[in-house]
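Dumped target.cif below, it's mmCIF, C-alpha atoms (C1' of nucleotides):
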```
data_final
loop_
_atom_site.label_atom_id
_atom_site.label_comp_id
_atom_site.auth_asym_id
_atom_site.auth_seq_id
_atom_site.Cartn_x
_atom_site.Cartn_y
_atom_site.Cartn_z
CA MET A 1 0.00 0.00 0.00
CA ILE A 2 1.37 3.36 -1.02
CA THR A 3 1.22 5.68 1.98
CA THR A 4 0.38 9.35 2.13
CA LYS A 5 4.06 10.16 1.97
CA GLY A 6 4.38 8.76 -1.50
CA ARG A 7 1.09 10.12 -2.68
CA TYR A 8 1.63 13.58 -1.26
CA ALA A 9 5.15 13.73 -2.65
CA LEU A 10 3.78 12.99 -6.07
CA ARG A 11 1.25 15.75 -5.70
CA VAL A 12 3.93 18.18 -4.61
CA MET A 13 5.94 17.31 -7.70
CA ILE A 14 2.94 17.77 -9.95
CA ASP A 15 2.07 21.03 -8.26
CA LEU A 16 5.56 22.35 -8.81
CA ALA A 17 5.62 21.18 -12.40
CA GLU A 18 2.38 22.98 -13.07
CA ASN A 19 3.26 26.14 -11.18
CA ASN A 20 6.56 27.05 -12.64
CA GLY A 21 8.41 25.25 -9.88
CA HIS A 22 11.23 24.21 -12.16
CA GLU A 23 12.26 27.81 -12.60
CA VAL A 24 11.44 29.68 -9.42
CA PHE A 25 11.16 28.81 -5.77
CA VAL A 26 7.61 28.15 -4.65
CA PRO A 27 6.82 28.55 -0.96
CA LEU A 28 5.43 25.48 0.75
CA LYS A 29 2.53 27.50 2.03
CA ASP A 30 1.21 27.92 -1.51
CA ILE A 31 1.57 24.24 -2.31
CA ALA A 32 -0.13 23.24 0.91
CA GLU A 33 -3.04 25.54 0.22
CA ARG A 34 -3.51 24.40 -3.35
CA GLN A 35 -3.24 20.76 -2.43
CA GLU A 36 -5.24 21.09 0.76
CA ILE A 37 -2.63 19.26 2.79
CA SER A 38 -1.41 20.35 6.23
CA LYS A 39 1.67 22.47 5.71
CA LYS A 40 3.21 21.08 8.87
CA TYR A 41 2.95 17.56 7.58
CA LEU A 42 4.23 18.53 4.17
CA GLU A 43 7.34 19.91 5.82
CA ILE A 44 8.36 16.40 6.79
CA ILE A 45 7.71 15.16 3.31
CA VAL A 46 9.55 17.82 1.38
CA LYS A 47 12.46 17.48 3.73
CA ASP A 48 12.82 13.86 2.61
CA MET A 49 12.41 14.99 -0.96
CA VAL A 50 15.30 17.39 -0.61
CA THR A 51 17.46 14.69 0.96
CA GLY A 52 16.41 12.37 -1.84
CA ASP A 53 17.51 14.83 -4.52
CA LEU A 54 14.06 15.47 -5.89
CA LEU A 55 13.88 19.10 -4.84
CA ILE A 56 16.06 21.91 -3.66
CA GLY A 57 14.97 24.26 -0.94
CA ALA A 58 15.89 27.85 -0.22
CA SER A 59 15.41 29.51 3.14
CA GLY A 60 14.47 33.07 3.82
CA LYS A 61 12.19 35.51 2.14
CA GLY A 62 11.62 34.64 -1.48
CA GLY A 63 12.59 31.09 -0.70
CA GLY A 64 10.67 27.90 -1.18
CA TYR A 65 11.10 24.69 -3.11
CA LYS A 66 12.02 24.03 -6.68
CA LEU A 67 12.43 21.02 -8.93
CA CYS A 68 16.09 20.33 -9.53
CA ARG A 69 15.51 18.73 -12.94
CA LYS A 70 13.10 19.09 -15.80
CA PRO A 71 9.76 17.37 -15.16
CA GLU A 72 10.31 14.82 -17.92
CA GLU A 73 13.45 13.63 -16.16
CA TYR A 74 11.62 12.30 -13.12
CA SER A 75 10.09 8.87 -13.05
CA VAL A 76 7.23 8.10 -10.71
CA GLY A 77 9.14 5.08 -9.46
CA GLU A 78 12.02 7.20 -8.34
CA ILE A 79 9.76 9.56 -6.45
CA LEU A 80 7.94 6.73 -4.74
CA GLU A 81 11.12 4.96 -3.74
CA VAL A 82 12.55 8.08 -2.17
CA MET A 83 9.49 8.27 0.05
CA GLU A 84 8.54 4.66 0.62
CA GLY A 85 11.85 2.93 0.39
CA LYS A 86 12.45 0.13 -2.09
CA LEU A 87 9.18 -0.98 -3.60
CA SER A 88 9.32 -4.59 -2.55
CA SER A 89 6.40 -6.97 -2.33
CA VAL A 90 7.78 -9.24 0.36
CA SER A 91 10.31 -8.89 3.11
CA CYS A 92 12.16 -11.88 1.68
CA LEU A 93 13.27 -9.62 -1.14
CA SER A 94 13.87 -6.38 0.72
CA GLY A 95 15.79 -7.79 3.68
CA ASP A 96 19.30 -6.98 2.66
CA PHE A 97 19.92 -10.38 1.09
CA ASN A 98 20.84 -11.93 4.43
CA ASP A 99 17.74 -13.80 3.67
CA CYS A 100 15.98 -16.93 4.70
CA PRO A 101 17.43 -20.43 4.47
CA ARG A 102 14.48 -21.54 2.36
CA LYS A 103 15.24 -19.28 -0.55
CA ASN A 104 16.56 -22.05 -2.74
CA SER A 105 13.61 -24.33 -2.20
CA CYS A 106 10.93 -21.69 -1.87
CA HIS A 107 8.10 -22.23 -4.32
CA THR A 108 6.78 -18.72 -4.14
CA LEU A 109 9.94 -16.68 -4.43
CA PRO A 110 10.01 -16.73 -8.25
CA MET A 111 6.53 -15.28 -8.30
CA TRP A 112 7.45 -12.46 -5.93
CA THR A 113 10.47 -11.68 -8.05
CA GLU A 114 8.40 -11.61 -11.19
CA TYR A 115 5.90 -9.38 -9.46
CA ASP A 116 8.52 -6.98 -8.18
CA ASN A 117 9.97 -6.64 -11.64
CA MET A 118 6.58 -5.86 -13.07
CA VAL A 119 5.90 -3.21 -10.46
CA HIS A 120 9.31 -1.68 -10.90
CA ASP A 121 8.83 -1.45 -14.64
CA PHE A 122 5.43 0.09 -14.30
CA PHE A 123 6.50 2.92 -12.05
CA TYR A 124 9.82 3.63 -13.69
CA LYS A 125 8.27 3.87 -17.12
CA LYS A 126 5.79 6.42 -15.85
CA LYS A 127 7.22 9.91 -15.94
CA LEU A 128 6.17 12.91 -13.97
CA THR A 129 5.00 14.51 -17.18
CA ASP A 130 2.54 11.66 -17.67
CA LEU A 131 0.67 12.92 -14.64
CA LEU A 132 0.30 16.52 -15.68
CA LYS A 133 -2.89 17.83 -17.14
CA PRO A 134 -2.82 17.75 -20.95
CA SER A 135 -2.47 21.51 -21.34
CA ALA A 136 0.72 21.43 -19.32
CA LYS A 137 2.25 18.70 -21.45
CA ALA A 138 1.51 20.03 -24.92
CA PRO A 139 0.60 23.69 -24.83
CA SER A 140 -1.46 23.77 -27.99
CA GLN A 141 -3.53 26.82 -27.21
CA LYS A 142 -3.85 29.49 -24.57
CA THR A 143 -0.21 29.18 -23.63
CA LYS A 144 -0.09 31.17 -20.44
CA LYS A 145 3.61 31.66 -20.16
CA ALA A 146 5.61 32.38 -23.23
CA LYS A 147 8.50 29.98 -22.91
CA ALA A 148 10.10 30.34 -26.30
CA MET B 1 3.77 -5.25 1.09
CA ILE B 2 2.39 -8.78 1.34
CA THR B 3 2.47 -9.81 4.99
CA THR B 4 3.27 -13.18 6.51
CA LYS B 5 -0.42 -14.01 6.55
CA GLY B 6 -0.63 -13.99 2.80
CA ARG B 7 2.70 -15.68 2.31
CA TYR B 8 2.10 -18.36 4.89
CA ALA B 9 -1.38 -19.03 3.55
CA LEU B 10 0.10 -19.59 0.13
CA ARG B 11 2.61 -22.01 1.56
CA VAL B 12 -0.13 -23.90 3.37
CA MET B 13 -2.03 -24.22 0.12
CA ILE B 14 1.03 -25.44 -1.70
CA ASP B 15 1.84 -27.85 1.08
CA LEU B 16 -1.64 -29.32 0.93
CA ALA B 17 -1.59 -29.54 -2.84
CA GLU B 18 1.68 -31.42 -2.69
CA ASN B 19 0.73 -33.69 0.17
CA ASN B 20 -2.54 -35.10 -0.96
CA GLY B 21 -4.46 -32.43 0.90
CA HIS B 22 -7.19 -32.29 -1.69
CA GLU B 23 -8.23 -35.82 -0.84
CA VAL B 24 -7.53 -36.39 2.83
CA PHE B 25 -7.36 -34.24 5.93
CA VAL B 26 -3.85 -33.20 6.84
CA PRO B 27 -3.19 -32.22 10.46
CA LEU B 28 -1.84 -28.75 10.96
CA LYS B 29 1.02 -30.15 12.99
CA ASP B 30 2.43 -31.80 9.89
CA ILE B 31 2.13 -28.67 7.79
CA ALA B 32 3.74 -26.54 10.47
CA GLU B 33 6.67 -28.92 10.76
CA ARG B 34 7.26 -29.17 7.05
CA GLN B 35 6.96 -25.44 6.56
CA GLU B 36 8.86 -24.55 9.72
CA ILE B 37 6.20 -22.14 10.87
CA SER B 38 4.87 -21.90 14.42
CA LYS B 39 1.77 -24.08 14.61
CA LYS B 40 0.15 -21.62 16.99
CA TYR B 41 0.47 -18.82 14.51
CA LEU B 42 -0.70 -20.98 11.66
CA GLU B 43 -3.88 -21.69 13.59
CA ILE B 44 -4.89 -18.08 13.18
CA ILE B 45 -4.13 -18.19 9.50
CA VAL B 46 -5.93 -21.39 8.63
CA LYS B 47 -8.92 -20.23 10.60
CA ASP B 48 -9.22 -17.29 8.20
CA MET B 49 -8.71 -19.64 5.32
CA VAL B 50 -11.62 -21.77 6.44
CA THR B 51 -13.82 -18.71 6.84
CA GLY B 52 -12.67 -17.56 3.42
CA ASP B 53 -13.69 -20.85 1.80
CA LEU B 54 -10.22 -21.90 0.88
CA LEU B 55 -10.08 -24.90 3.18
CA ILE B 56 -12.30 -27.12 5.20
CA GLY B 57 -11.31 -28.31 8.65
CA ALA B 58 -12.26 -31.42 10.57
CA SER B 59 -11.87 -31.77 14.31
CA GLY B 60 -10.93 -34.83 16.25
CA LYS B 61 -8.66 -37.71 15.60
CA GLY B 62 -7.96 -38.18 11.93
CA GLY B 63 -8.96 -34.59 11.39
CA GLY B 64 -7.01 -31.74 9.89
CA TYR B 65 -7.36 -29.46 6.91
CA LYS B 66 -8.17 -30.15 3.31
CA LEU B 67 -8.49 -28.17 0.11
CA CYS B 68 -12.13 -27.79 -0.82
CA ARG B 69 -11.43 -27.55 -4.54
CA LYS B 70 -8.93 -28.91 -6.99
CA PRO B 71 -5.61 -27.04 -6.94
CA GLU B 72 -6.06 -25.69 -10.45
CA GLU B 73 -9.26 -23.97 -9.35
CA TYR B 74 -7.51 -21.61 -6.95
CA SER B 75 -5.96 -18.39 -8.08
CA VAL B 76 -3.18 -16.78 -6.11
CA GLY B 77 -5.11 -13.52 -6.11
CA GLU B 78 -8.05 -15.10 -4.38
CA ILE B 79 -5.86 -16.59 -1.68
CA LEU B 80 -4.07 -13.32 -1.07
CA GLU B 81 -7.27 -11.32 -0.91
CA VAL B 82 -8.75 -13.65 1.66
CA MET B 83 -5.77 -12.99 3.89
CA GLU B 84 -4.81 -9.42 3.10
CA GLY B 85 -8.12 -7.91 2.17
CA LYS B 86 -8.62 -6.24 -1.21
CA LEU B 87 -5.30 -5.75 -2.93
CA SER B 88 -5.44 -2.00 -3.29
CA SER B 89 -2.52 0.31 -3.90
CA VAL B 90 -3.96 3.41 -2.27
CA SER B 91 -6.60 4.08 0.34
CA CYS B 92 -8.40 6.31 -2.16
CA LEU B 93 -9.41 3.15 -3.99
CA SER B 94 -10.06 0.84 -1.07
CA GLY B 95 -12.06 3.21 1.09
CA ASP B 96 -15.52 2.09 0.23
CA PHE B 97 -16.03 4.72 -2.47
CA ASN B 98 -17.07 7.30 0.12
CA ASP B 99 -13.96 8.82 -1.22
CA CYS B 100 -12.23 12.11 -1.36
CA PRO B 101 -13.66 15.28 -2.89
CA ARG B 102 -10.65 15.53 -5.17
CA LYS B 103 -11.34 12.35 -7.06
CA ASN B 104 -12.58 14.13 -10.16
CA SER B 105 -9.65 16.46 -10.42
CA CYS B 106 -6.98 14.12 -9.03
CA HIS B 107 -4.06 13.75 -11.41
CA THR B 108 -2.77 10.56 -9.92
CA LEU B 109 -5.93 8.53 -9.53
CA PRO B 110 -5.89 7.18 -13.11
CA MET B 111 -2.41 5.82 -12.51
CA TRP B 112 -3.43 4.07 -9.30
CA THR B 113 -6.38 2.54 -11.07
CA GLU B 114 -4.22 1.33 -13.90
CA TYR B 115 -1.78 -0.09 -11.39
CA ASP B 116 -4.45 -1.86 -9.39
CA ASN B 117 -5.80 -3.48 -12.52
CA MET B 118 -2.37 -4.71 -13.46
CA VAL B 119 -1.79 -6.20 -10.02
CA HIS B 120 -5.20 -7.80 -9.97
CA ASP B 121 -4.59 -9.40 -13.34
CA PHE B 122 -1.21 -10.66 -12.34
CA PHE B 123 -2.37 -12.47 -9.24
CA TYR B 124 -5.65 -13.76 -10.61
CA LYS B 125 -4.02 -15.25 -13.66
CA LYS B 126 -1.58 -17.12 -11.45
CA LYS B 127 -3.03 -20.39 -10.31
CA LEU B 128 -2.04 -22.45 -7.32
CA THR B 129 -0.78 -25.12 -9.69
CA ASP B 130 1.71 -22.63 -11.12
CA LEU B 131 3.48 -22.67 -7.79
CA LEU B 132 3.88 -26.41 -7.41
CA LYS B 133 7.12 -28.11 -8.15
CA PRO B 134 7.22 -29.47 -11.69
CA SER B 135 6.89 -33.09 -10.62
CA ALA B 136 3.62 -32.34 -8.93
CA LYS B 137 2.18 -30.65 -11.99
CA ALA B 138 3.22 -33.19 -14.61
CA PRO B 139 4.29 -36.46 -13.01
CA SER B 140 6.60 -37.62 -15.78
CA GLN B 141 8.77 -39.98 -13.79
CA LYS B 142 9.17 -41.42 -10.32
CA THR B 143 5.53 -40.95 -9.47
CA LYS B 144 5.51 -41.61 -5.77
CA LYS B 145 1.83 -42.20 -5.29
CA ALA B 146 0.09 -44.35 -7.83
CA LYS B 147 -2.87 -42.21 -8.68
CA ALA B 148 -4.28 -44.01 -11.69
"C1'" DT C 1 -12.53 -42.83 27.87
"C1'" DA C 2 -8.06 -41.27 26.54
"C1'" DT C 3 -6.21 -39.07 22.74
"C1'" DT C 4 -5.89 -36.24 18.90
"C1'" DT C 5 -7.27 -32.74 16.52
"C1'" DA C 6 -9.57 -28.23 15.40
"C1'" DC C 7 -11.39 -24.14 17.41
"C1'" DC C 8 -11.81 -19.96 20.51
"C1'" DT C 9 -10.46 -15.83 23.39
"C1'" DA C 10 -7.28 -12.97 25.12
"C1'" DC C 11 -3.04 -10.62 25.34
"C1'" DC C 12 1.45 -8.30 24.13
"C1'" DG C 13 5.62 -5.88 22.50
"C1'" DT C 14 7.21 -3.41 18.62
"C1'" DG C 15 6.86 -0.51 14.93
"C1'" DT C 16 4.68 2.46 11.48
"C1'" DC C 17 1.41 5.87 9.99
"C1'" DA C 18 -0.22 10.40 9.92
"C1'" DA C 19 0.01 14.01 11.99
"C1'" DT C 20 0.71 18.13 15.55
"C1'" DA C 21 3.51 21.40 18.24
"C1'" DG C 22 6.90 24.57 19.01
"C1'" DG C 23 11.18 26.35 18.36
"C1'" DT C 24 15.67 27.79 15.45
"C1'" DT C 25 18.10 29.29 11.49
"C1'" DT C 26 18.57 31.66 7.16
"C1'" DA C 27 17.87 35.12 3.87
"C1'" DT C 28 15.41 39.09 1.94
"C1'" DG C 29 13.96 43.82 1.47
"C1'" DA C 30 12.20 48.17 3.51
"C1'" DT D 1 19.34 47.13 11.04
"C1'" DC D 2 15.45 44.77 11.83
"C1'" DA D 3 10.90 42.82 10.98
"C1'" DT D 4 9.33 39.31 8.12
"C1'" DA D 5 9.02 35.18 5.57
"C1'" DA D 6 10.50 31.27 4.62
"C1'" DA D 7 12.97 26.69 5.37
"C1'" DC D 8 14.68 23.63 8.82
"C1'" DC D 9 14.94 20.83 13.24
"C1'" DT D 10 13.39 17.97 17.34
"C1'" DA D 11 10.03 15.93 19.94
"C1'" DT D 12 5.56 13.91 20.84
"C1'" DT D 13 1.21 11.67 20.06
"C1'" DG D 14 -2.81 8.39 19.33
"C1'" DA D 15 -4.31 4.81 16.72
"C1'" DC D 16 -3.59 0.74 14.58
"C1'" DA D 17 -1.30 -3.34 12.35
"C1'" DC D 18 2.06 -6.90 12.52
"C1'" DG D 19 3.74 -11.13 14.20
"C1'" DG D 20 3.32 -13.62 17.30
"C1'" DT D 21 2.35 -16.32 22.38
"C1'" DA D 22 -0.59 -18.53 25.91
"C1'" DG D 23 -4.06 -21.28 27.62
"C1'" DG D 24 -8.26 -23.29 27.38
"C1'" DT D 25 -12.71 -25.67 25.05
"C1'" DA D 26 -15.14 -28.60 21.85
"C1'" DA D 27 -15.40 -32.36 18.76
"C1'" DA D 28 -14.42 -36.75 16.86
"C1'" DT D 29 -12.18 -41.22 16.81
"C1'" DA D 30 -10.09 -45.76 18.20
#
```
Can you turn what I pasted into structure tokens?
Amino acid sequence: MITTKGRYALRVMIDLAENNGHEVFVPLKDIAERQEISKKYLEIIVKDMVTGDLLIGASGKGGGYKLCRKPEEYSVGEILEVMEGKLSSVSCLSGDFNDCPRKNSCHTLPMWTEYDNMVHDFFYKKKLTDLLKPSAKAPSQKTKKAKA
Amino acid sequence: MITTKGRYALRVMIDLAENNGHEVFVPLKDIAERQEISKKYLEIIVKDMVTGDLLIGASGKGGGYKLCRKPEEYSVGEILEVMEGKLSSVSCLSGDFNDCPRKNSCHTLPMWTEYDNMVHDFFYKKKLTDLLKPSAKAPSQKTKKAKA
DNA sequence: TATTTACCTACCGTGTCAATAGGTTTATGA
DNA sequence: TCATAAACCTATTGACACGGTAGGTAAATA
């Protein structure tokens, strides 16, 4: 089960991508208000995101948070793993390979491995840009900000 | 993350399938010993499995547990859902559709839905027989128990 | 009637989840 | 220089789930 940390982080990323957060610093207060998430709780989350190299933060007036790459360079999988830790279906596969004595005879392990690979693929193929609203991906009309 | 309940339940099912447990009652003691799982803890698990119509139990001497269908008629997904509850990636989709006010504008919901469908497919397509050791699926040689 | 088995109820320590609370540091700009 | 706005840091909390353990009761058989 993906927890609020992962889900909120994703929403923060989307919010930044859609609010010019790859160019300027956006204060957390604004994000929290738009997303209707407690700012206090978001503080914990964005802190992990900074540590995990998803965002950069700037203190002081005019500060806030900013994407440190272009939106298309983030995969959803990466974002989730920063927040949730390795996406692993069973402890047998996440426990740092000091694993159980049954691993060679275990009848279910191959299935868990296959599953984990599928999940990994799914989330790493999905890019942040896949989650943006269409207008933000391909500005066909009504382009708010002249970018070029 | 699949918990021990789901994993152990799967191993109980496999154990029964491989030890004639679709024809005769197998005492839990035997299963626990073979699987090296605390019998006490397994009691809790098999109880849920009985309630969930995966097994039938018989008290008294000569009693034990038995599959109530043929192994090929169980899907892994069904077994897991009996133990873990609905396999749902996010609470937004498991909370009994009394869900959040953002559901219509949520940018991530479609992804979670897509993900859930993928996971559901994966586990429901997998049958219990897919987890048995080859000899138990297609007894080509050294058939221990004369079955026909 | 002793034995073997399932079945039932209760409890428990640990950890995680989802926050809240309150304070400190850093930078800006008037 | 100094108020302000922002990030940053530490601690705490209540609820709940996880992974068991313990001890007893009921049912069926030989």
- request: State, in Å with one decimal place, the distance from CA of Ala58 (chain B) to CA of Glu81 (chain B).
  value: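 It comes out at 23.7 Å.
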task: Using all atoms listed in the file, determine which residues of chain B fall within 7 Å of chain A; present them as a ChimeraX atom specification.
output: /B:1-2,88-90,107-108,131-132
Please identify all polymer residues within 12 Å of DA15 (chain D), counting only C-alpha atoms (C1' of nucleotides), omitting same-chain residues fewer than 3 positions from it, and present them as a PDB file with C-alpha atoms (C1' of nucleotides), keeping the file's coordinate frame.
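The new file part_29.pdb reads:
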```pdb
ATOM      1  C1'  DT C  16       4.680   2.460  11.480  1.00  0.00           C
ATOM      2  C1'  DC C  17       1.410   5.870   9.990  1.00  0.00           C
ATOM      3  C1'  DA C  18      -0.220  10.400   9.920  1.00  0.00           C
ATOM      4  C1'  DA C  19       0.010  14.010  11.990  1.00  0.00           C
TER       5       DA C  19
END
```
message: With all atoms listed in the file considered, list every residue of chain D at most 6 Å from chain A, as a list in words.
response: DA5, DA6 and DA7 of chain D
query: Where does the PyMOL selection byres ((chain B and resi 66-78) around 8) land in this file, that is, which residues does it pick, as a PyMOL selection string?
result: chain B and resi 10+13+16-17+21-26+53-57+64-65+79-82+120+122-129
task: Check which residues satisfy the PyMOL selection byres ((chain C) within 8 of (chain B)) in the file shown, then give them as a PyMOL selection string.
output: chain C and resi 3-6
query: In Å, with one decimal, what is the gap from CA of Ala32 (chain A) to CA of Asn19 (chain A)?
result: 12.9 Å
task: Rounded to one decimal place, report the CA of Asp48 (chain A)-C1' of DT10 (chain D) distance in Å.
output: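 Distance between the two atoms: 15.3 Å.
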Within 12 Å of DG22 (chain C) using only C-alpha atoms (C1' of nucleotides), minus same-chain residues under 5 positions, as a VMD selection string: (chain A and resid 40) or (chain D and resid 9 to 12)
field: Residues returned when the PyMOL selection byres ((chain D and resi 2) around 12) runs on this file, as a list in words
entry: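 For this structure, the PyMOL selection byres ((chain D and resi 2) around 12) resolves to DT28, DG29 and DA30 of chain C; DT1, DA3 and DT4 of chain D.
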- prompt: Which residues come within 12 Å of DA10 (chain C), counting only C-alpha atoms (C1' of nucleotides), excluding same-chain residues fewer than 3 positions away, as a ChimeraX atom specification?
  reply: /D:21-24
Produce a file of the selected residues containing C-alpha atoms (C1' of nucleotides), as a PDB file, in the frame of the given file.
```
ATOM      1  C1'  DT D  21       2.350 -16.320  22.380  1.00  0.00           C
ATOM      2  C1'  DA D  22      -0.590 -18.530  25.910  1.00  0.00           C
ATOM      3  C1'  DG D  23      -4.060 -21.280  27.620  1.00  0.00           C
ATOM      4  C1'  DG D  24      -8.260 -23.290  27.380  1.00  0.00           C
TER       5       DG D  24
END
```
Report the centre and edge lengths, in Å to one decimal, of an axis-aligned box enclosing every atom of region 15-27 of chain C listed in the file, padded by 8 Å on each side, as lines of an AutoDock Vina configuration file.
```
center_x = 9.2
center_y = 17.3
center_z = 11.4
size_x = 34.8
size_y = 51.6
size_z = 31.1
```
